[in-house]
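Here is the structure we will look at.
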Amino acid sequence: MVGSLQDAEDIVQETFLKWLTIEKEKIRNTKAYLVRAVTNNCLNHLEALKRRKDEYLENLNPAELIDWHKVTDLAHIDLEEEMSTALNIIHKKLEPLEKAVFLLREVFNFDYEELQHIFDKKKDNCRQLFCRAKNKLSKETERIKIDLPQPGQLLANFKIACDLGHIGEFIHELKADITAKLKKG
């Protein structure tokens, strides 16, 4: 009833201790009395938990919570690994232009008109690049062995773009990757 074995044990123990202190002659049905007493104590316990939760939420200052989250951000540990893995997969499977269009469209929700201006490509071409990138990723994701070096600055700029909304450096990094690919090949 209370959702916690320890709390339930405490409630039974408290009920038993109270049972030892009362006049048992006044009680006609011992089993019914004990069941009702435990049930009432469980309900009282749940109500007390609810009151404490409500008091805590009433006294909660969202600004303090945000500040605390910035200082004690532990979620970044798993997120760093997952982002790194995802970017490695994208880096390995997609051409630089496909990667750039895919990331800006999928992650940052750029429309095709914005992509057209950034990469100097037609909207239909950007749409095709995005479609091609999605198909490549969906077909090959489970077969990829990730052994590439970390994408370094790309990951750092991606995180800054996601966290702070500063997407300019990320776009610059994507364009540099496209330029480097064009020079190589």
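We label chains A, B, ... in the order they appear in the structure tokens, count residues from 1 in each chain, and number ligands from 1 in the order shown.
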Would you please give, as a tab-separated table (two decimals) with N, CA and C atoms, in the first residue's frame, all residues of chain A that DSSP assigns to helix (DSSP H, G or I) based on the backbone?
chain	number	residue	atom	x	y	z
A	5	LEU	N	8.90	-1.42	1.29
A	5	LEU	CA	8.95	-2.48	2.30
A	5	LEU	C	9.38	-1.92	3.65
A	6	GLN	N	10.36	-1.05	3.65
A	6	GLN	CA	10.84	-0.47	4.91
A	6	GLN	C	9.76	0.36	5.60
A	7	ASP	N	9.05	1.17	4.82
A	7	ASP	CA	7.97	1.97	5.40
A	7	ASP	C	6.87	1.06	5.94
A	8	ALA	N	6.55	0.01	5.19
A	8	ALA	CA	5.51	-0.92	5.63
A	8	ALA	C	5.91	-1.59	6.94
A	9	GLU	N	7.17	-2.03	7.04
A	9	GLU	CA	7.65	-2.65	8.28
A	9	GLU	C	7.57	-1.67	9.44
A	10	ASP	N	7.95	-0.42	9.20
A	10	ASP	CA	7.88	0.60	10.26
A	10	ASP	C	6.43	0.81	10.72
A	11	ILE	N	5.52	0.85	9.77
A	11	ILE	CA	4.11	1.07	10.11
A	11	ILE	C	3.57	-0.10	10.93
A	12	VAL	N	3.90	-1.33	10.54
A	12	VAL	CA	3.45	-2.49	11.31
A	12	VAL	C	4.04	-2.46	12.71
A	13	GLN	N	5.31	-2.11	12.80
A	13	GLN	CA	5.96	-2.05	14.11
A	13	GLN	C	5.31	-0.98	15.00
A	14	GLU	N	5.05	0.19	14.45
A	14	GLU	CA	4.39	1.25	15.21
A	14	GLU	C	3.00	0.82	15.67
A	15	THR	N	2.28	0.14	14.76
A	15	THR	CA	0.94	-0.34	15.12
A	15	THR	C	1.03	-1.37	16.25
A	16	PHE	N	1.99	-2.24	16.18
A	16	PHE	CA	2.16	-3.25	17.22
A	16	PHE	C	2.53	-2.61	18.56
A	17	LEU	N	3.42	-1.61	18.53
A	17	LEU	CA	3.78	-0.92	19.77
A	17	LEU	C	2.57	-0.23	20.39
A	18	LYS	N	1.73	0.35	19.56
A	18	LYS	CA	0.51	0.98	20.06
A	18	LYS	C	-0.44	-0.08	20.63
A	19	TRP	N	-0.50	-1.22	19.96
A	19	TRP	CA	-1.33	-2.34	20.40
A	19	TRP	C	-0.95	-2.78	21.82
A	20	LEU	N	0.34	-2.75	22.09
A	20	LEU	CA	0.81	-3.18	23.41
A	20	LEU	C	0.40	-2.21	24.51
A	21	THR	N	0.09	-0.97	24.18
A	21	THR	CA	-0.21	0.05	25.19
A	21	THR	C	-1.70	0.27	25.42
A	24	LYS	N	-6.94	-4.02	25.81
A	24	LYS	CA	-7.42	-5.00	24.83
A	24	LYS	C	-8.83	-5.50	25.14
A	25	GLU	N	-9.31	-5.29	26.35
A	25	GLU	CA	-10.64	-5.75	26.72
A	25	GLU	C	-11.73	-5.03	25.93
A	26	LYS	N	-11.48	-3.81	25.52
A	26	LYS	CA	-12.47	-3.01	24.79
A	26	LYS	C	-12.60	-3.44	23.32
A	30	THR	N	-9.86	-8.67	17.40
A	30	THR	CA	-8.45	-8.25	17.38
A	30	THR	C	-7.92	-8.13	15.95
A	31	LYS	N	-8.22	-9.14	15.14
A	31	LYS	CA	-7.72	-9.13	13.76
A	31	LYS	C	-8.25	-7.92	12.99
A	32	ALA	N	-9.53	-7.66	13.08
A	32	ALA	CA	-10.13	-6.52	12.38
A	32	ALA	C	-9.54	-5.20	12.89
A	33	TYR	N	-9.34	-5.12	14.21
A	33	TYR	CA	-8.76	-3.90	14.78
A	33	TYR	C	-7.35	-3.66	14.23
A	34	LEU	N	-6.52	-4.71	14.21
A	34	LEU	CA	-5.14	-4.55	13.74
A	34	LEU	C	-5.10	-4.23	12.24
A	35	VAL	N	-5.93	-4.89	11.46
A	35	VAL	CA	-5.97	-4.60	10.02
A	35	VAL	C	-6.39	-3.15	9.78
A	36	ARG	N	-7.42	-2.70	10.50
A	36	ARG	CA	-7.88	-1.32	10.34
A	36	ARG	C	-6.81	-0.34	10.81
A	37	ALA	N	-6.13	-0.65	11.91
A	37	ALA	CA	-5.09	0.24	12.44
A	37	ALA	C	-3.93	0.36	11.46
A	38	VAL	N	-3.50	-0.76	10.90
A	38	VAL	CA	-2.40	-0.72	9.92
A	38	VAL	C	-2.84	0.05	8.68
A	39	THR	N	-4.06	-0.21	8.22
A	39	THR	CA	-4.58	0.50	7.04
A	39	THR	C	-4.61	2.01	7.28
A	40	ASN	N	-5.13	2.41	8.43
A	40	ASN	CA	-5.18	3.84	8.75
A	40	ASN	C	-3.79	4.45	8.85
A	41	ASN	N	-2.86	3.71	9.46
A	41	ASN	CA	-1.49	4.23	9.56
A	41	ASN	C	-0.84	4.35	8.18
A	42	CYS	N	-1.15	3.42	7.29
A	42	CYS	CA	-0.64	3.52	5.91
A	42	CYS	C	-1.20	4.76	5.21
A	43	LEU	N	-2.49	4.98	5.36
A	43	LEU	CA	-3.11	6.16	4.74
A	43	LEU	C	-2.53	7.44	5.32
A	44	ASN	N	-2.33	7.47	6.63
A	44	ASN	CA	-1.72	8.64	7.26
A	44	ASN	C	-0.30	8.87	6.75
A	45	HIS	N	0.43	7.78	6.57
A	45	HIS	CA	1.80	7.88	6.05
A	45	HIS	C	1.81	8.46	4.63
A	46	LEU	N	0.90	7.94	3.78
A	46	LEU	CA	0.82	8.45	2.40
A	46	LEU	C	0.42	9.91	2.37
A	47	GLU	N	-0.50	10.29	3.23
A	47	GLU	CA	-0.92	11.69	3.30
A	47	GLU	C	0.23	12.59	3.76
A	48	ALA	N	1.02	12.11	4.73
A	48	ALA	CA	2.17	12.88	5.20
A	48	ALA	C	3.20	13.05	4.08
A	49	LEU	N	3.42	11.98	3.32
A	49	LEU	CA	4.35	12.08	2.18
A	49	LEU	C	3.85	13.10	1.16
A	50	LYS	N	2.56	13.08	0.91
A	50	LYS	CA	1.98	14.03	-0.06
A	50	LYS	C	2.14	15.46	0.44
A	51	ARG	N	1.88	15.68	1.73
A	51	ARG	CA	2.04	17.03	2.29
A	51	ARG	C	3.48	17.50	2.18
A	52	ARG	N	4.44	16.60	2.49
A	52	ARG	CA	5.86	16.99	2.39
A	52	ARG	C	6.24	17.32	0.96
A	53	LYS	N	5.73	16.54	0.02
A	53	LYS	CA	6.02	16.80	-1.40
A	53	LYS	C	5.45	18.15	-1.81
A	54	ASP	N	4.20	18.41	-1.41
A	54	ASP	CA	3.58	19.69	-1.75
A	54	ASP	C	4.33	20.87	-1.14
A	55	GLU	N	4.75	20.72	0.13
A	55	GLU	CA	5.52	21.79	0.79
A	55	GLU	C	6.84	22.01	0.07
A	56	TYR	N	7.48	20.93	-0.32
A	56	TYR	CA	8.75	21.04	-1.03
A	56	TYR	C	8.56	21.77	-2.36
A	57	LEU	N	7.52	21.38	-3.10
A	57	LEU	CA	7.28	22.01	-4.40
A	57	LEU	C	6.88	23.48	-4.25
A	58	GLU	N	6.15	23.81	-3.17
A	58	GLU	CA	5.78	25.20	-2.94
A	58	GLU	C	7.00	26.06	-2.62
A	59	ASN	N	7.95	25.49	-1.93
A	59	ASN	CA	9.14	26.23	-1.53
A	59	ASN	C	10.25	26.16	-2.57
A	62	PRO	N	12.59	27.92	-8.87
A	62	PRO	CA	13.10	27.42	-10.15
A	62	PRO	C	14.49	27.98	-10.50
A	63	ALA	N	14.76	29.20	-10.12
A	63	ALA	CA	16.08	29.78	-10.43
A	63	ALA	C	17.18	29.01	-9.70
A	64	GLU	N	16.92	28.64	-8.44
A	64	GLU	CA	17.92	27.86	-7.70
A	64	GLU	C	18.10	26.48	-8.33
A	65	LEU	N	17.01	25.89	-8.78
A	65	LEU	CA	17.09	24.58	-9.41
A	65	LEU	C	17.93	24.65	-10.68
A	66	ILE	N	17.73	25.69	-11.47
A	66	ILE	CA	18.50	25.85	-12.70
A	66	ILE	C	19.97	26.05	-12.37
A	67	ASP	N	20.26	26.89	-11.38
A	67	ASP	CA	21.65	27.09	-10.97
A	67	ASP	C	22.27	25.80	-10.47
A	68	TRP	N	21.52	25.03	-9.67
A	68	TRP	CA	22.03	23.76	-9.15
A	68	TRP	C	22.31	22.81	-10.29
A	69	HIS	N	21.41	22.76	-11.29
A	69	HIS	CA	21.58	21.87	-12.43
A	69	HIS	C	22.85	22.22	-13.21
A	70	LYS	N	23.12	23.52	-13.35
A	70	LYS	CA	24.33	23.93	-14.08
A	70	LYS	C	25.58	23.48	-13.35
A	71	VAL	N	25.55	23.53	-12.03
A	71	VAL	CA	26.72	23.16	-11.23
A	71	VAL	C	26.87	21.65	-11.15
A	76	HIS	N	25.50	14.70	-18.25
A	76	HIS	CA	26.39	14.87	-19.40
A	76	HIS	C	27.28	13.66	-19.62
A	77	ILE	N	27.48	12.84	-18.61
A	77	ILE	CA	28.39	11.70	-18.76
A	77	ILE	C	27.86	10.75	-19.82
A	78	ASP	N	26.62	10.27	-19.68
A	78	ASP	CA	26.05	9.38	-20.68
A	78	ASP	C	25.77	10.11	-21.97
A	79	LEU	N	25.32	11.35	-21.86
A	79	LEU	CA	24.99	12.12	-23.04
A	79	LEU	C	26.22	12.35	-23.91
A	80	GLU	N	27.35	12.62	-23.29
A	80	GLU	CA	28.60	12.81	-24.05
A	80	GLU	C	28.90	11.57	-24.88
A	81	GLU	N	28.79	10.40	-24.27
A	81	GLU	CA	29.09	9.16	-24.97
A	81	GLU	C	28.11	8.92	-26.10
A	82	GLU	N	26.83	9.15	-25.85
A	82	GLU	CA	25.83	8.94	-26.88
A	82	GLU	C	25.99	9.93	-28.03
A	83	MET	N	26.25	11.19	-27.71
A	83	MET	CA	26.45	12.18	-28.78
A	83	MET	C	27.69	11.85	-29.59
A	84	SER	N	28.74	11.45	-28.91
A	84	SER	CA	29.97	11.11	-29.61
A	84	SER	C	29.74	9.91	-30.54
A	85	THR	N	29.05	8.91	-30.05
A	85	THR	CA	28.75	7.73	-30.87
A	85	THR	C	27.90	8.11	-32.07
A	86	ALA	N	26.86	8.90	-31.84
A	86	ALA	CA	25.98	9.31	-32.93
A	86	ALA	C	26.74	10.11	-33.98
A	87	LEU	N	27.57	11.05	-33.53
A	87	LEU	CA	28.34	11.86	-34.49
A	87	LEU	C	29.36	11.01	-35.23
A	88	ASN	N	29.93	10.01	-34.58
A	88	ASN	CA	30.85	9.11	-35.27
A	88	ASN	C	30.15	8.33	-36.37
A	89	ILE	N	28.95	7.85	-36.07
A	89	ILE	CA	28.17	7.13	-37.09
A	89	ILE	C	27.86	8.05	-38.26
A	90	ILE	N	27.39	9.24	-37.95
A	90	ILE	CA	27.07	10.21	-39.01
A	90	ILE	C	28.32	10.55	-39.81
A	91	HIS	N	29.44	10.74	-39.11
A	91	HIS	CA	30.71	11.08	-39.76
A	91	HIS	C	31.18	9.97	-40.70
A	92	LYS	N	30.99	8.73	-40.29
A	92	LYS	CA	31.47	7.60	-41.08
A	92	LYS	C	30.58	7.31	-42.29
A	93	LYS	N	29.27	7.46	-42.13
A	93	LYS	CA	28.35	7.04	-43.17
A	93	LYS	C	27.97	8.11	-44.18
A	96	PRO	N	30.22	14.88	-46.41
A	96	PRO	CA	30.15	16.13	-45.65
A	96	PRO	C	28.90	16.96	-45.91
A	97	LEU	N	28.49	17.10	-47.16
A	97	LEU	CA	27.31	17.90	-47.46
A	97	LEU	C	26.04	17.22	-46.93
A	98	GLU	N	25.97	15.89	-47.08
A	98	GLU	CA	24.83	15.16	-46.52
A	98	GLU	C	24.78	15.32	-45.00
A	99	LYS	N	25.95	15.21	-44.39
A	99	LYS	CA	26.04	15.34	-42.93
A	99	LYS	C	25.58	16.72	-42.49
A	100	ALA	N	26.02	17.74	-43.19
A	100	ALA	CA	25.67	19.11	-42.82
A	100	ALA	C	24.16	19.33	-42.95
A	101	VAL	N	23.58	18.91	-44.07
A	101	VAL	CA	22.14	19.10	-44.28
A	101	VAL	C	21.36	18.28	-43.26
A	102	PHE	N	21.78	17.05	-43.05
A	102	PHE	CA	21.06	16.18	-42.11
A	102	PHE	C	21.06	16.76	-40.70
A	103	LEU	N	22.22	17.16	-40.20
A	103	LEU	CA	22.30	17.68	-38.83
A	103	LEU	C	21.49	18.97	-38.65
A	104	LEU	N	21.63	19.89	-39.60
A	104	LEU	CA	20.91	21.15	-39.46
A	104	LEU	C	19.39	20.96	-39.58
A	105	ARG	N	19.00	20.04	-40.43
A	105	ARG	CA	17.56	19.79	-40.63
A	105	ARG	C	16.99	18.97	-39.46
A	106	GLU	N	17.64	17.88	-39.12
A	106	GLU	CA	17.12	16.95	-38.12
A	106	GLU	C	17.25	17.48	-36.70
A	112	TYR	N	14.21	23.93	-45.57
A	112	TYR	CA	15.02	23.76	-46.78
A	112	TYR	C	15.44	25.09	-47.39
A	113	GLU	N	14.65	26.12	-47.19
A	113	GLU	CA	15.02	27.45	-47.70
A	113	GLU	C	16.28	27.96	-46.99
A	114	GLU	N	16.35	27.77	-45.68
A	114	GLU	CA	17.54	28.18	-44.93
A	114	GLU	C	18.76	27.38	-45.38
A	115	LEU	N	18.56	26.08	-45.58
A	115	LEU	CA	19.67	25.23	-46.03
A	115	LEU	C	20.14	25.65	-47.42
A	116	GLN	N	19.20	26.05	-48.26
A	116	GLN	CA	19.54	26.52	-49.60
A	116	GLN	C	20.48	27.72	-49.53
A	117	HIS	N	20.20	28.63	-48.63
A	117	HIS	CA	21.03	29.84	-48.50
A	117	HIS	C	22.39	29.52	-47.87
A	118	ILE	N	22.41	28.64	-46.90
A	118	ILE	CA	23.67	28.31	-46.21
A	118	ILE	C	24.64	27.60	-47.14
A	119	PHE	N	24.14	26.61	-47.91
A	119	PHE	CA	25.03	25.78	-48.72
A	119	PHE	C	25.00	26.11	-50.20
A	123	LYS	N	16.65	24.05	-53.09
A	123	LYS	CA	15.85	23.41	-52.04
A	123	LYS	C	15.65	21.92	-52.34
A	124	ASP	N	15.36	21.60	-53.59
A	124	ASP	CA	15.14	20.20	-53.97
A	124	ASP	C	16.40	19.37	-53.75
A	125	ASN	N	17.55	19.97	-54.04
A	125	ASN	CA	18.82	19.27	-53.82
A	125	ASN	C	19.02	19.03	-52.32
A	126	CYS	N	18.72	20.01	-51.49
A	126	CYS	CA	18.84	19.86	-50.03
A	126	CYS	C	17.88	18.78	-49.53
A	127	ARG	N	16.69	18.77	-50.08
A	127	ARG	CA	15.69	17.77	-49.70
A	127	ARG	C	16.20	16.37	-50.05
A	128	GLN	N	16.80	16.24	-51.24
A	128	GLN	CA	17.33	14.95	-51.68
A	128	GLN	C	18.52	14.53	-50.82
A	129	LEU	N	19.39	15.48	-50.47
A	129	LEU	CA	20.53	15.17	-49.61
A	129	LEU	C	20.06	14.68	-48.24
A	130	PHE	N	19.04	15.33	-47.71
A	130	PHE	CA	18.49	14.92	-46.41
A	130	PHE	C	17.91	13.52	-46.49
A	131	CYS	N	17.14	13.27	-47.54
A	131	CYS	CA	16.52	11.95	-47.73
A	131	CYS	C	17.59	10.86	-47.87
A	132	ARG	N	18.59	11.14	-48.65
A	132	ARG	CA	19.69	10.19	-48.87
A	132	ARG	C	20.41	9.91	-47.55
A	133	ALA	N	20.65	10.95	-46.78
A	133	ALA	CA	21.33	10.79	-45.49
A	133	ALA	C	20.50	9.92	-44.54
A	134	LYS	N	19.21	10.19	-44.48
A	134	LYS	CA	18.33	9.39	-43.60
A	134	LYS	C	18.33	7.93	-44.02
A	135	ASN	N	18.27	7.68	-45.32
A	135	ASN	CA	18.27	6.30	-45.81
A	135	ASN	C	19.58	5.60	-45.47
A	136	LYS	N	20.69	6.26	-45.69
A	136	LYS	CA	22.00	5.66	-45.37
A	136	LYS	C	22.09	5.31	-43.89
A	137	LEU	N	21.66	6.22	-43.05
A	137	LEU	CA	21.75	5.99	-41.61
A	137	LEU	C	20.82	4.88	-41.15
A	138	SER	N	19.61	4.84	-41.69
A	138	SER	CA	18.68	3.81	-41.24
A	138	SER	C	19.10	2.42	-41.70
A	139	LYS	N	19.74	2.30	-42.85
A	139	LYS	CA	20.16	1.00	-43.36
A	139	LYS	C	21.41	0.47	-42.67
A	140	GLU	N	22.32	1.34	-42.30
A	140	GLU	CA	23.63	0.89	-41.86
A	140	GLU	C	23.93	1.05	-40.37
A	141	THR	N	23.09	1.69	-39.63
A	141	THR	CA	23.40	2.03	-38.24
A	141	THR	C	23.82	0.83	-37.41
A	142	GLU	N	23.06	-0.26	-37.49
A	142	GLU	CA	23.38	-1.40	-36.63
A	142	GLU	C	24.63	-2.16	-37.06
A	143	ARG	N	25.13	-1.96	-38.27
A	143	ARG	CA	26.31	-2.69	-38.74
A	143	ARG	C	27.62	-1.93	-38.55
A	153	GLN	N	36.42	19.00	-32.79
A	153	GLN	CA	35.81	20.31	-32.81
A	153	GLN	C	34.35	20.25	-33.25
A	154	LEU	N	34.03	19.30	-34.13
A	154	LEU	CA	32.64	19.14	-34.56
A	154	LEU	C	31.76	18.84	-33.36
A	155	LEU	N	32.19	17.92	-32.49
A	155	LEU	CA	31.42	17.58	-31.29
A	155	LEU	C	31.31	18.78	-30.36
A	156	ALA	N	32.40	19.50	-30.17
A	156	ALA	CA	32.38	20.67	-29.28
A	156	ALA	C	31.43	21.73	-29.82
A	157	ASN	N	31.49	22.01	-31.10
A	157	ASN	CA	30.59	23.02	-31.69
A	157	ASN	C	29.15	22.54	-31.70
A	158	PHE	N	28.94	21.24	-31.88
A	158	PHE	CA	27.59	20.68	-31.84
A	158	PHE	C	26.99	20.89	-30.45
A	159	LYS	N	27.76	20.62	-29.40
A	159	LYS	CA	27.29	20.79	-28.03
A	159	LYS	C	26.99	22.26	-27.74
A	160	ILE	N	27.85	23.16	-28.20
A	160	ILE	CA	27.62	24.58	-27.97
A	160	ILE	C	26.35	25.03	-28.68
A	161	ALA	N	26.16	24.54	-29.90
A	161	ALA	CA	24.95	24.89	-30.66
A	161	ALA	C	23.70	24.38	-29.94
A	162	CYS	N	23.77	23.17	-29.39
A	162	CYS	CA	22.60	22.60	-28.68
A	162	CYS	C	22.36	23.30	-27.35
A	163	ASP	N	23.41	23.52	-26.59
A	163	ASP	CA	23.28	24.08	-25.24
A	163	ASP	C	22.96	25.57	-25.26
A	164	LEU	N	23.69	26.32	-26.06
A	164	LEU	CA	23.59	27.77	-26.00
A	164	LEU	C	22.87	28.40	-27.18
A	168	GLY	N	26.43	29.33	-35.25
A	168	GLY	CA	27.35	29.83	-36.27
A	168	GLY	C	28.64	29.03	-36.39
A	169	GLU	N	29.28	28.73	-35.28
A	169	GLU	CA	30.53	27.95	-35.32
A	169	GLU	C	30.28	26.54	-35.83
A	170	PHE	N	29.14	25.98	-35.49
A	170	PHE	CA	28.81	24.64	-35.96
A	170	PHE	C	28.65	24.63	-37.48
A	171	ILE	N	27.95	25.62	-38.01
A	171	ILE	CA	27.78	25.72	-39.46
A	171	ILE	C	29.14	25.93	-40.13
A	172	HIS	N	29.98	26.77	-39.53
A	172	HIS	CA	31.33	27.00	-40.06
A	172	HIS	C	32.12	25.69	-40.11
A	173	GLU	N	32.04	24.89	-39.06
A	173	GLU	CA	32.74	23.60	-39.00
A	173	GLU	C	32.22	22.65	-40.08
A	174	LEU	N	30.91	22.63	-40.28
A	174	LEU	CA	30.33	21.79	-41.32
A	174	LEU	C	30.80	22.22	-42.71
A	175	LYS	N	30.83	23.52	-42.94
A	175	LYS	CA	31.29	24.03	-44.24
A	175	LYS	C	32.77	23.71	-44.46
A	176	ALA	N	33.57	23.82	-43.42
A	176	ALA	CA	35.00	23.50	-43.53
A	176	ALA	C	35.18	22.04	-43.89
A	177	ASP	N	34.37	21.17	-43.33
A	177	ASP	CA	34.44	19.74	-43.64
A	177	ASP	C	34.09	19.50	-45.10
A	178	ILE	N	33.08	20.22	-45.61
A	178	ILE	CA	32.70	20.08	-47.02
A	178	ILE	C	33.82	20.56	-47.92
A	179	THR	N	34.41	21.69	-47.58
A	179	THR	CA	35.52	22.24	-48.38
A	179	THR	C	36.71	21.28	-48.40
A	180	ALA	N	37.02	20.72	-47.23
A	180	ALA	CA	38.16	19.77	-47.16
A	180	ALA	C	37.89	18.55	-48.02
A	181	LYS	N	36.68	18.07	-48.05
A	181	LYS	CA	36.31	16.90	-48.87
A	181	LYS	C	36.44	17.24	-50.36
A	182	LEU	N	36.02	18.45	-50.74
A	182	LEU	CA	36.09	18.85	-52.13
A	182	LEU	C	37.55	18.97	-52.59
A	183	LYS	N	38.43	19.45	-51.71
A	183	LYS	CA	39.84	19.59	-52.05
A	183	LYS	C	40.51	18.23	-52.23
A	184	LYS	N	40.09	17.24	-51.41
A	184	LYS	CA	40.66	15.89	-51.49
A	184	LYS	C	40.22	15.16	-52.74
